[in-house]
Every structure is written in structure tokens, then in C-alpha cells.
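Source file: target36.txt; contents: compact mmCIF, N, CA and C atoms.
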```
# COMPACT_ATOMS: atom_id res chain seq x y z
N MET A 1 30.14 -6.05 73.34
CA MET A 1 31.02 -7.08 73.86
C MET A 1 31.63 -7.82 72.68
N ASN A 2 32.85 -8.24 72.84
CA ASN A 2 33.44 -9.08 71.81
C ASN A 2 32.52 -10.24 71.56
N GLN A 3 32.48 -10.68 70.31
CA GLN A 3 31.64 -11.84 70.01
C GLN A 3 32.24 -13.06 70.72
N LEU A 4 31.50 -13.58 71.65
CA LEU A 4 31.95 -14.77 72.38
C LEU A 4 31.32 -15.99 71.75
N SER A 5 32.11 -17.00 71.62
CA SER A 5 31.58 -18.24 71.05
C SER A 5 30.70 -18.94 72.09
N HIS A 6 29.86 -19.79 71.60
CA HIS A 6 29.05 -20.60 72.52
C HIS A 6 29.95 -21.48 73.38
N THR A 7 31.09 -21.86 72.84
CA THR A 7 32.04 -22.66 73.60
C THR A 7 32.52 -21.89 74.83
N ALA A 8 32.83 -20.60 74.65
CA ALA A 8 33.31 -19.78 75.78
C ALA A 8 32.23 -19.61 76.83
N THR A 9 31.00 -19.28 76.42
CA THR A 9 29.94 -19.09 77.40
C THR A 9 29.52 -20.41 78.02
N ASP A 10 29.58 -21.49 77.25
CA ASP A 10 29.26 -22.81 77.81
C ASP A 10 30.28 -23.21 78.87
N ALA A 11 31.55 -22.94 78.61
CA ALA A 11 32.60 -23.26 79.59
C ALA A 11 32.41 -22.43 80.86
N PHE A 12 32.08 -21.15 80.69
CA PHE A 12 31.82 -20.28 81.84
C PHE A 12 30.63 -20.82 82.63
N HIS A 13 29.57 -21.17 81.93
CA HIS A 13 28.35 -21.66 82.58
C HIS A 13 28.61 -22.95 83.35
N SER A 14 29.44 -23.82 82.81
CA SER A 14 29.68 -25.11 83.48
C SER A 14 30.43 -24.94 84.80
N ALA A 15 31.23 -23.87 84.92
CA ALA A 15 31.99 -23.64 86.15
C ALA A 15 31.29 -22.67 87.09
N PHE A 16 30.15 -22.15 86.69
CA PHE A 16 29.46 -21.09 87.41
C PHE A 16 28.23 -21.67 88.11
N ALA A 17 28.16 -21.52 89.43
CA ALA A 17 27.05 -22.11 90.18
C ALA A 17 25.80 -21.22 90.17
N GLY A 18 25.98 -19.94 89.89
CA GLY A 18 24.85 -19.01 89.86
C GLY A 18 24.06 -19.17 88.56
N THR A 19 23.44 -18.08 88.13
CA THR A 19 22.62 -18.09 86.92
C THR A 19 23.18 -17.10 85.92
N LEU A 20 23.29 -17.53 84.67
CA LEU A 20 23.66 -16.62 83.59
C LEU A 20 22.40 -16.21 82.85
N VAL A 21 22.27 -14.92 82.59
CA VAL A 21 21.10 -14.40 81.90
C VAL A 21 21.57 -13.75 80.61
N PHE A 22 21.03 -14.22 79.49
CA PHE A 22 21.35 -13.71 78.17
C PHE A 22 20.24 -12.78 77.70
N PRO A 23 20.52 -11.87 76.75
CA PRO A 23 19.49 -10.94 76.27
C PRO A 23 18.22 -11.60 75.77
N GLU A 24 18.31 -12.81 75.26
CA GLU A 24 17.12 -13.50 74.75
C GLU A 24 16.30 -14.19 75.86
N ASP A 25 16.80 -14.21 77.08
CA ASP A 25 16.07 -14.84 78.19
C ASP A 25 14.91 -13.95 78.64
N PRO A 26 13.77 -14.55 79.00
CA PRO A 26 12.59 -13.78 79.38
C PRO A 26 12.81 -12.83 80.57
N GLN A 27 13.68 -13.17 81.50
CA GLN A 27 13.90 -12.34 82.69
C GLN A 27 14.96 -11.27 82.48
N TYR A 28 15.57 -11.20 81.31
CA TYR A 28 16.68 -10.28 81.05
C TYR A 28 16.33 -8.82 81.39
N ASN A 29 15.23 -8.32 80.86
CA ASN A 29 14.88 -6.91 81.09
C ASN A 29 14.64 -6.60 82.56
N GLU A 30 14.05 -7.53 83.27
CA GLU A 30 13.82 -7.32 84.71
C GLU A 30 15.14 -7.34 85.48
N VAL A 31 16.02 -8.27 85.15
CA VAL A 31 17.27 -8.44 85.89
C VAL A 31 18.23 -7.27 85.64
N ARG A 32 18.24 -6.69 84.46
CA ARG A 32 19.19 -5.62 84.15
C ARG A 32 18.77 -4.28 84.71
N GLN A 33 17.53 -4.14 85.16
CA GLN A 33 17.04 -2.86 85.68
C GLN A 33 17.65 -2.54 87.04
N ILE A 34 17.83 -1.24 87.25
CA ILE A 34 18.30 -0.77 88.55
C ILE A 34 17.31 0.26 89.07
N TRP A 35 17.57 0.76 90.25
CA TRP A 35 16.66 1.69 90.92
C TRP A 35 16.37 2.91 90.06
N ASN A 36 17.40 3.48 89.41
CA ASN A 36 17.23 4.66 88.58
C ASN A 36 16.70 4.23 87.21
N GLY A 37 15.41 4.42 86.99
CA GLY A 37 14.77 4.00 85.75
C GLY A 37 15.23 4.75 84.52
N MET A 38 15.96 5.85 84.69
CA MET A 38 16.47 6.59 83.54
C MET A 38 17.67 5.90 82.89
N ILE A 39 18.25 4.95 83.58
CA ILE A 39 19.40 4.21 83.05
C ILE A 39 18.88 3.03 82.25
N ASP A 40 19.24 2.97 80.98
CA ASP A 40 18.76 1.90 80.09
C ASP A 40 19.94 1.30 79.34
N ARG A 41 20.81 0.66 80.09
CA ARG A 41 21.98 0.01 79.48
C ARG A 41 21.70 -1.47 79.31
N ARG A 42 22.39 -2.06 78.34
CA ARG A 42 22.13 -3.45 77.98
C ARG A 42 23.42 -4.27 77.97
N PRO A 43 23.68 -4.96 79.08
CA PRO A 43 24.84 -5.85 79.08
C PRO A 43 24.62 -7.03 78.13
N SER A 44 25.69 -7.57 77.60
CA SER A 44 25.59 -8.73 76.72
C SER A 44 25.35 -10.01 77.49
N LEU A 45 25.71 -10.00 78.76
CA LEU A 45 25.53 -11.18 79.61
C LEU A 45 25.47 -10.71 81.06
N ILE A 46 24.59 -11.34 81.84
CA ILE A 46 24.47 -11.02 83.27
C ILE A 46 24.81 -12.28 84.06
N ALA A 47 25.77 -12.15 84.96
CA ALA A 47 26.16 -13.26 85.83
C ALA A 47 25.57 -13.00 87.21
N ARG A 48 24.52 -13.74 87.56
CA ARG A 48 23.87 -13.58 88.87
C ARG A 48 24.58 -14.51 89.86
N CYS A 49 25.49 -13.94 90.63
CA CYS A 49 26.35 -14.70 91.52
C CYS A 49 25.60 -15.13 92.79
N GLY A 50 25.96 -16.32 93.26
CA GLY A 50 25.40 -16.83 94.50
C GLY A 50 26.46 -17.03 95.57
N SER A 51 27.72 -16.82 95.20
CA SER A 51 28.81 -17.05 96.14
C SER A 51 30.04 -16.26 95.72
N ALA A 52 31.00 -16.19 96.62
CA ALA A 52 32.27 -15.53 96.31
C ALA A 52 32.98 -16.25 95.17
N ASP A 53 32.85 -17.58 95.10
CA ASP A 53 33.46 -18.33 94.00
C ASP A 53 32.89 -17.90 92.65
N ASP A 54 31.58 -17.62 92.61
CA ASP A 54 30.97 -17.13 91.37
C ASP A 54 31.55 -15.78 90.96
N VAL A 55 31.82 -14.93 91.94
CA VAL A 55 32.40 -13.62 91.65
C VAL A 55 33.79 -13.80 91.05
N VAL A 56 34.58 -14.67 91.63
CA VAL A 56 35.94 -14.95 91.13
C VAL A 56 35.86 -15.49 89.70
N ARG A 57 34.96 -16.43 89.46
CA ARG A 57 34.82 -17.00 88.12
C ARG A 57 34.40 -15.94 87.10
N SER A 58 33.53 -15.04 87.52
CA SER A 58 33.08 -13.95 86.64
C SER A 58 34.23 -13.03 86.27
N LEU A 59 35.04 -12.66 87.26
CA LEU A 59 36.18 -11.79 86.99
C LEU A 59 37.23 -12.50 86.14
N ASP A 60 37.41 -13.79 86.36
CA ASP A 60 38.32 -14.56 85.51
C ASP A 60 37.83 -14.56 84.05
N PHE A 61 36.53 -14.70 83.86
CA PHE A 61 35.93 -14.70 82.52
C PHE A 61 36.15 -13.34 81.85
N VAL A 62 35.96 -12.27 82.60
CA VAL A 62 36.17 -10.91 82.08
C VAL A 62 37.62 -10.74 81.63
N ARG A 63 38.55 -11.16 82.47
CA ARG A 63 39.97 -11.02 82.14
C ARG A 63 40.35 -11.87 80.92
N GLN A 64 39.86 -13.10 80.92
CA GLN A 64 40.20 -14.03 79.85
C GLN A 64 39.73 -13.52 78.49
N HIS A 65 38.59 -12.85 78.46
CA HIS A 65 38.01 -12.41 77.18
C HIS A 65 38.10 -10.90 76.97
N ASP A 66 38.82 -10.20 77.84
CA ASP A 66 39.04 -8.76 77.74
C ASP A 66 37.72 -8.01 77.55
N LEU A 67 36.79 -8.22 78.50
CA LEU A 67 35.45 -7.65 78.41
C LEU A 67 35.27 -6.46 79.34
N PRO A 68 34.46 -5.50 78.92
CA PRO A 68 34.03 -4.48 79.88
C PRO A 68 33.08 -5.14 80.88
N PHE A 69 33.02 -4.60 82.10
CA PHE A 69 32.13 -5.20 83.10
C PHE A 69 31.65 -4.14 84.07
N SER A 70 30.57 -4.48 84.75
CA SER A 70 30.06 -3.65 85.84
C SER A 70 29.69 -4.58 86.98
N ILE A 71 29.62 -4.00 88.17
CA ILE A 71 29.25 -4.79 89.35
C ILE A 71 28.02 -4.16 89.98
N ARG A 72 27.01 -4.98 90.16
CA ARG A 72 25.77 -4.53 90.77
C ARG A 72 25.66 -5.14 92.17
N GLY A 73 25.47 -4.26 93.15
CA GLY A 73 25.21 -4.73 94.51
C GLY A 73 23.71 -4.77 94.72
N GLY A 74 23.19 -3.82 95.47
CA GLY A 74 21.76 -3.75 95.70
C GLY A 74 21.00 -3.03 94.60
N GLY A 75 21.71 -2.47 93.63
CA GLY A 75 21.08 -1.81 92.49
C GLY A 75 20.63 -0.39 92.75
N HIS A 76 21.17 0.26 93.78
CA HIS A 76 20.70 1.58 94.16
C HIS A 76 21.59 2.72 93.71
N ASN A 77 22.61 2.46 92.91
CA ASN A 77 23.52 3.51 92.46
C ASN A 77 22.80 4.43 91.48
N ILE A 78 22.63 5.68 91.83
CA ILE A 78 21.86 6.63 91.02
C ILE A 78 22.53 6.92 89.68
N ALA A 79 23.86 6.84 89.61
CA ALA A 79 24.58 7.14 88.37
C ALA A 79 24.49 6.02 87.35
N GLY A 80 24.06 4.85 87.77
CA GLY A 80 23.90 3.74 86.84
C GLY A 80 25.15 2.94 86.57
N ASN A 81 26.18 3.11 87.40
CA ASN A 81 27.43 2.38 87.19
C ASN A 81 27.29 0.87 87.37
N ALA A 82 26.18 0.43 87.90
CA ALA A 82 25.97 -1.00 88.14
C ALA A 82 25.64 -1.77 86.86
N VAL A 83 25.37 -1.05 85.77
CA VAL A 83 25.00 -1.71 84.52
C VAL A 83 25.88 -1.16 83.41
N CYS A 84 26.47 -2.07 82.62
CA CYS A 84 27.30 -1.64 81.49
C CYS A 84 26.60 -1.98 80.18
N ASP A 85 26.98 -1.29 79.15
CA ASP A 85 26.52 -1.62 77.81
C ASP A 85 27.51 -2.59 77.17
N GLY A 86 27.00 -3.69 76.64
CA GLY A 86 27.81 -4.59 75.85
C GLY A 86 28.89 -5.36 76.58
N GLY A 87 28.78 -5.54 77.86
CA GLY A 87 29.79 -6.29 78.61
C GLY A 87 29.14 -7.29 79.54
N LEU A 88 29.85 -7.64 80.59
CA LEU A 88 29.33 -8.56 81.59
C LEU A 88 28.91 -7.78 82.82
N MET A 89 27.66 -7.91 83.20
CA MET A 89 27.17 -7.33 84.45
C MET A 89 27.28 -8.42 85.51
N ILE A 90 28.10 -8.17 86.52
CA ILE A 90 28.27 -9.11 87.62
C ILE A 90 27.27 -8.69 88.70
N ASP A 91 26.22 -9.48 88.84
CA ASP A 91 25.08 -9.13 89.70
C ASP A 91 25.22 -9.83 91.05
N LEU A 92 25.43 -9.04 92.10
CA LEU A 92 25.59 -9.56 93.45
C LEU A 92 24.31 -9.43 94.27
N SER A 93 23.23 -9.00 93.66
CA SER A 93 22.00 -8.67 94.40
C SER A 93 21.36 -9.86 95.11
N LEU A 94 21.69 -11.08 94.70
CA LEU A 94 21.13 -12.26 95.37
C LEU A 94 21.94 -12.67 96.61
N MET A 95 23.09 -12.07 96.78
CA MET A 95 23.97 -12.42 97.89
C MET A 95 23.63 -11.52 99.08
N LYS A 96 22.68 -11.96 99.90
CA LYS A 96 22.14 -11.11 100.98
C LYS A 96 22.33 -11.69 102.38
N ASP A 97 23.24 -12.61 102.52
CA ASP A 97 23.42 -13.25 103.82
C ASP A 97 24.12 -12.31 104.80
N ILE A 98 23.70 -12.41 106.05
CA ILE A 98 24.34 -11.67 107.15
C ILE A 98 24.56 -12.68 108.27
N SER A 99 25.77 -12.69 108.81
CA SER A 99 26.04 -13.57 109.95
C SER A 99 26.86 -12.81 110.98
N ILE A 100 26.67 -13.21 112.23
CA ILE A 100 27.34 -12.56 113.35
C ILE A 100 28.12 -13.62 114.14
N ASP A 101 29.36 -13.30 114.44
CA ASP A 101 30.17 -14.14 115.32
C ASP A 101 30.24 -13.42 116.66
N PRO A 102 29.39 -13.83 117.64
CA PRO A 102 29.33 -13.11 118.90
C PRO A 102 30.64 -13.17 119.70
N GLU A 103 31.38 -14.26 119.57
CA GLU A 103 32.64 -14.36 120.31
C GLU A 103 33.67 -13.35 119.80
N LEU A 104 33.76 -13.21 118.50
CA LEU A 104 34.70 -12.26 117.91
C LEU A 104 34.12 -10.85 117.81
N ARG A 105 32.81 -10.77 118.07
CA ARG A 105 32.10 -9.50 117.95
C ARG A 105 32.29 -8.90 116.55
N ARG A 106 32.04 -9.79 115.58
CA ARG A 106 32.26 -9.43 114.19
C ARG A 106 31.06 -9.86 113.35
N GLY A 107 30.69 -8.99 112.43
CA GLY A 107 29.58 -9.31 111.52
C GLY A 107 30.09 -9.46 110.10
N TYR A 108 29.43 -10.30 109.33
CA TYR A 108 29.77 -10.54 107.93
C TYR A 108 28.52 -10.26 107.09
N VAL A 109 28.66 -9.38 106.12
CA VAL A 109 27.53 -8.95 105.32
C VAL A 109 27.88 -9.12 103.85
N GLU A 110 27.02 -9.84 103.11
CA GLU A 110 27.23 -9.98 101.67
C GLU A 110 26.79 -8.69 100.96
N PRO A 111 27.25 -8.46 99.74
CA PRO A 111 27.05 -7.17 99.08
C PRO A 111 25.67 -6.90 98.48
N GLY A 112 24.80 -7.87 98.41
CA GLY A 112 23.50 -7.68 97.76
C GLY A 112 22.53 -6.98 98.64
```

Output the file's structure in the form of C-alpha cells.
Amino acid sequence: MNQLSHTATDAFHSAFAGTLVFPEDPQYNEVRQIWNGMIDRRPSLIARCGSADDVVRSLDFVRQHDLPFSIRGGGHNIAGNAVCDGGLMIDLSLMKDISIDPELRRGYVEPG
């Protein structure tokens, strides 16, 4: 990943309601893992989104800094596309809400 200044990551963090995980954080290795244990990629930053707004902010950050990125849903992709090396991993696995509107006969399912 391009070397990002602390100012850039601090600004991202201040507008981000979810959790940012850096390689030096104790939970980093656990959070970056996916179902296929043969995949051992190391993103430079993991954005654990809690809302659609967090997803938008993450994509804005990627565009602003011209970063590679990956998107993780439930983490079950066998090819390992959910984790990138040296970029931003946008982690949607915490977004697990399901709601039903019986009048409209419509369901809403988050991607995690």
C-alpha cells in the first residue's frame, strides 16, 4: 500500500464508525483470516464496517489514496479474493442484520 501518513489514517478513523485494524493490532491475524486457510495475504489496513455509511467512507478512502482493496463478506470465498496484499480490506462480516417487511413482502439482508 502507498505509505499513508498518520494524518490520512487519523482522518479516516475520525469519520469511520466501525473499527480499523492495523497490522500491529493484536486481533489483526485473526481478523484477516478467511475460511480457506491456504490464503495468507496481508492487507495494510482492515476496515471492519458496521453500516452502509462505513462502506461508503471506506471506498472514498480507497479512491482518495489510490489504494488496492478487497471486500470480505462472510469470508467463505475459496479463491481468497476477500483479502488483498498491501491494500485496504473492507470487512463486512459484522454486518449480519436481516429484516422483513411483511406488508411489502420484502426482506433485507446485510452482506456479512

Minimum-distance residue to His76 of chain A, chosen among A:Leu20, A:Ile34, A:Ala8, A:Ile100 (using only C-alpha atoms):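 Selected residue with least distance to His76 of chain A: A:Ile34.
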
Those in chain A with strand (DSSP E or B) from DSSP, as a VMD selection string: chain A and resid 19 to 21 45 to 48 69 to 72 88 to 91 98 to 101 106 to 109

Using only N, CA and C atoms: which of A:Ile78, A:Ile39, A:Cys49, A:Val83 has the shortest distance to Met95 of chain A: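 Among the listed residues, A:Cys49 lies closest to Met95 of chain A.
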
Nearest to Arg41 of chain A by atom-to-atom distance, counting only N, CA and C atoms, from A:Leu104, A:Cys84, A:Ile90, A:Ile71: A:Cys84

Closest of A:Ile46, A:Leu94, A:Asp54, A:Gly73 to Arg32 of chain A - atom-to-atom distances counting all atoms listed in the file: A:Ile46

Once you add 4 Å to each side, what are the centre and edge lengths of the axis-aligned box holding all listed atoms of segment 5-10 of chain A? One decimal in Å, as AutoDock Vina command-line options, if you can.
```
--center_x 31.2 --center_y -20.1 --center_z 75.0 --size_x 12.3 --size_y 14.2 --size_z 15.8
```

Atom CA of Leu59 of chain A to atom CA of Phe12 of chain A, distance in Å rounded to a single decimal: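 Computing the Euclidean distance for atom CA of Leu59 of chain A and atom CA of Phe12 of chain A yields 10.8 Å.
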
Reconstruct N, CA, C and O atoms of segment 34-56 of chain A; output as an mmCIF file, in the frame of the given file.
```
data_model
loop_
_atom_site.group_PDB
_atom_site.id
_atom_site.type_symbol
_atom_site.label_atom_id
_atom_site.label_comp_id
_atom_site.auth_asym_id
_atom_site.auth_seq_id
_atom_site.Cartn_x
_atom_site.Cartn_y
_atom_site.Cartn_z
ATOM 1 N N ILE A 34 17.830 -1.240 87.250
ATOM 2 C CA ILE A 34 18.300 -0.770 88.550
ATOM 3 C C ILE A 34 17.310 0.260 89.070
ATOM 4 O O ILE A 34 16.340 0.606 88.392
ATOM 5 N N TRP A 35 17.570 0.760 90.250
ATOM 6 C CA TRP A 35 16.660 1.690 90.920
ATOM 7 C C TRP A 35 16.370 2.910 90.060
ATOM 8 O O TRP A 35 15.253 3.380 89.972
ATOM 9 N N ASN A 36 17.400 3.480 89.410
ATOM 10 C CA ASN A 36 17.230 4.660 88.580
ATOM 11 C C ASN A 36 16.700 4.230 87.210
ATOM 12 O O ASN A 36 17.453 3.769 86.361
ATOM 13 N N GLY A 37 15.410 4.420 86.990
ATOM 14 C CA GLY A 37 14.770 4.000 85.750
ATOM 15 C C GLY A 37 15.230 4.750 84.520
ATOM 16 O O GLY A 37 14.923 4.344 83.396
ATOM 17 N N MET A 38 15.960 5.850 84.690
ATOM 18 C CA MET A 38 16.470 6.590 83.540
ATOM 19 C C MET A 38 17.670 5.900 82.890
ATOM 20 O O MET A 38 18.037 6.216 81.773
ATOM 21 N N ILE A 39 18.250 4.950 83.580
ATOM 22 C CA ILE A 39 19.400 4.210 83.050
ATOM 23 C C ILE A 39 18.880 3.030 82.250
ATOM 24 O O ILE A 39 18.168 2.177 82.765
ATOM 25 N N ASP A 40 19.240 2.970 80.980
ATOM 26 C CA ASP A 40 18.760 1.900 80.090
ATOM 27 C C ASP A 40 19.940 1.300 79.340
ATOM 28 O O ASP A 40 20.076 1.447 78.136
ATOM 29 N N ARG A 41 20.810 0.660 80.090
ATOM 30 C CA ARG A 41 21.980 0.010 79.480
ATOM 31 C C ARG A 41 21.700 -1.470 79.310
ATOM 32 O O ARG A 41 20.905 -2.052 80.031
ATOM 33 N N ARG A 42 22.390 -2.060 78.340
ATOM 34 C CA ARG A 42 22.130 -3.450 77.980
ATOM 35 C C ARG A 42 23.420 -4.270 77.970
ATOM 36 O O ARG A 42 24.148 -4.269 76.985
ATOM 37 N N PRO A 43 23.680 -4.960 79.080
ATOM 38 C CA PRO A 43 24.840 -5.850 79.080
ATOM 39 C C PRO A 43 24.620 -7.030 78.130
ATOM 40 O O PRO A 43 23.477 -7.430 77.888
ATOM 41 N N SER A 44 25.690 -7.570 77.600
ATOM 42 C CA SER A 44 25.590 -8.730 76.720
ATOM 43 C C SER A 44 25.350 -10.010 77.490
ATOM 44 O O SER A 44 24.848 -10.983 76.944
ATOM 45 N N LEU A 45 25.710 -10.000 78.760
ATOM 46 C CA LEU A 45 25.530 -11.180 79.610
ATOM 47 C C LEU A 45 25.470 -10.710 81.060
ATOM 48 O O LEU A 45 26.190 -9.791 81.441
ATOM 49 N N ILE A 46 24.590 -11.340 81.840
ATOM 50 C CA ILE A 46 24.470 -11.020 83.270
ATOM 51 C C ILE A 46 24.810 -12.280 84.060
ATOM 52 O O ILE A 46 24.211 -13.331 83.833
ATOM 53 N N ALA A 47 25.770 -12.150 84.960
ATOM 54 C CA ALA A 47 26.160 -13.260 85.830
ATOM 55 C C ALA A 47 25.570 -13.000 87.210
ATOM 56 O O ALA A 47 26.039 -12.123 87.936
ATOM 57 N N ARG A 48 24.520 -13.740 87.560
ATOM 58 C CA ARG A 48 23.870 -13.580 88.870
ATOM 59 C C ARG A 48 24.580 -14.510 89.860
ATOM 60 O O ARG A 48 24.307 -15.701 89.931
ATOM 61 N N CYS A 49 25.490 -13.940 90.630
ATOM 62 C CA CYS A 49 26.350 -14.700 91.520
ATOM 63 C C CYS A 49 25.600 -15.130 92.790
ATOM 64 O O CYS A 49 24.788 -14.387 93.318
ATOM 65 N N GLY A 50 25.960 -16.320 93.260
ATOM 66 C CA GLY A 50 25.400 -16.830 94.500
ATOM 67 C C GLY A 50 26.460 -17.030 95.570
ATOM 68 O O GLY A 50 26.140 -17.365 96.705
ATOM 69 N N SER A 51 27.720 -16.820 95.200
ATOM 70 C CA SER A 51 28.810 -17.050 96.140
ATOM 71 C C SER A 51 30.040 -16.260 95.720
ATOM 72 O O SER A 51 30.124 -15.763 94.587
ATOM 73 N N ALA A 52 31.000 -16.190 96.620
ATOM 74 C CA ALA A 52 32.270 -15.530 96.310
ATOM 75 C C ALA A 52 32.980 -16.250 95.170
ATOM 76 O O ALA A 52 33.630 -15.618 94.329
ATOM 77 N N ASP A 53 32.850 -17.580 95.100
ATOM 78 C CA ASP A 53 33.460 -18.330 94.000
ATOM 79 C C ASP A 53 32.890 -17.900 92.650
ATOM 80 O O ASP A 53 33.616 -17.821 91.663
ATOM 81 N N ASP A 54 31.580 -17.620 92.610
ATOM 82 C CA ASP A 54 30.970 -17.130 91.370
ATOM 83 C C ASP A 54 31.550 -15.780 90.960
ATOM 84 O O ASP A 54 31.760 -15.518 89.776
ATOM 85 N N VAL A 55 31.820 -14.930 91.940
ATOM 86 C CA VAL A 55 32.400 -13.620 91.650
ATOM 87 C C VAL A 55 33.790 -13.800 91.050
ATOM 88 O O VAL A 55 34.131 -13.174 90.028
ATOM 89 N N VAL A 56 34.580 -14.670 91.630
ATOM 90 C CA VAL A 56 35.940 -14.950 91.130
ATOM 91 C C VAL A 56 35.860 -15.490 89.700
ATOM 92 O O VAL A 56 36.608 -15.048 88.816
#
```
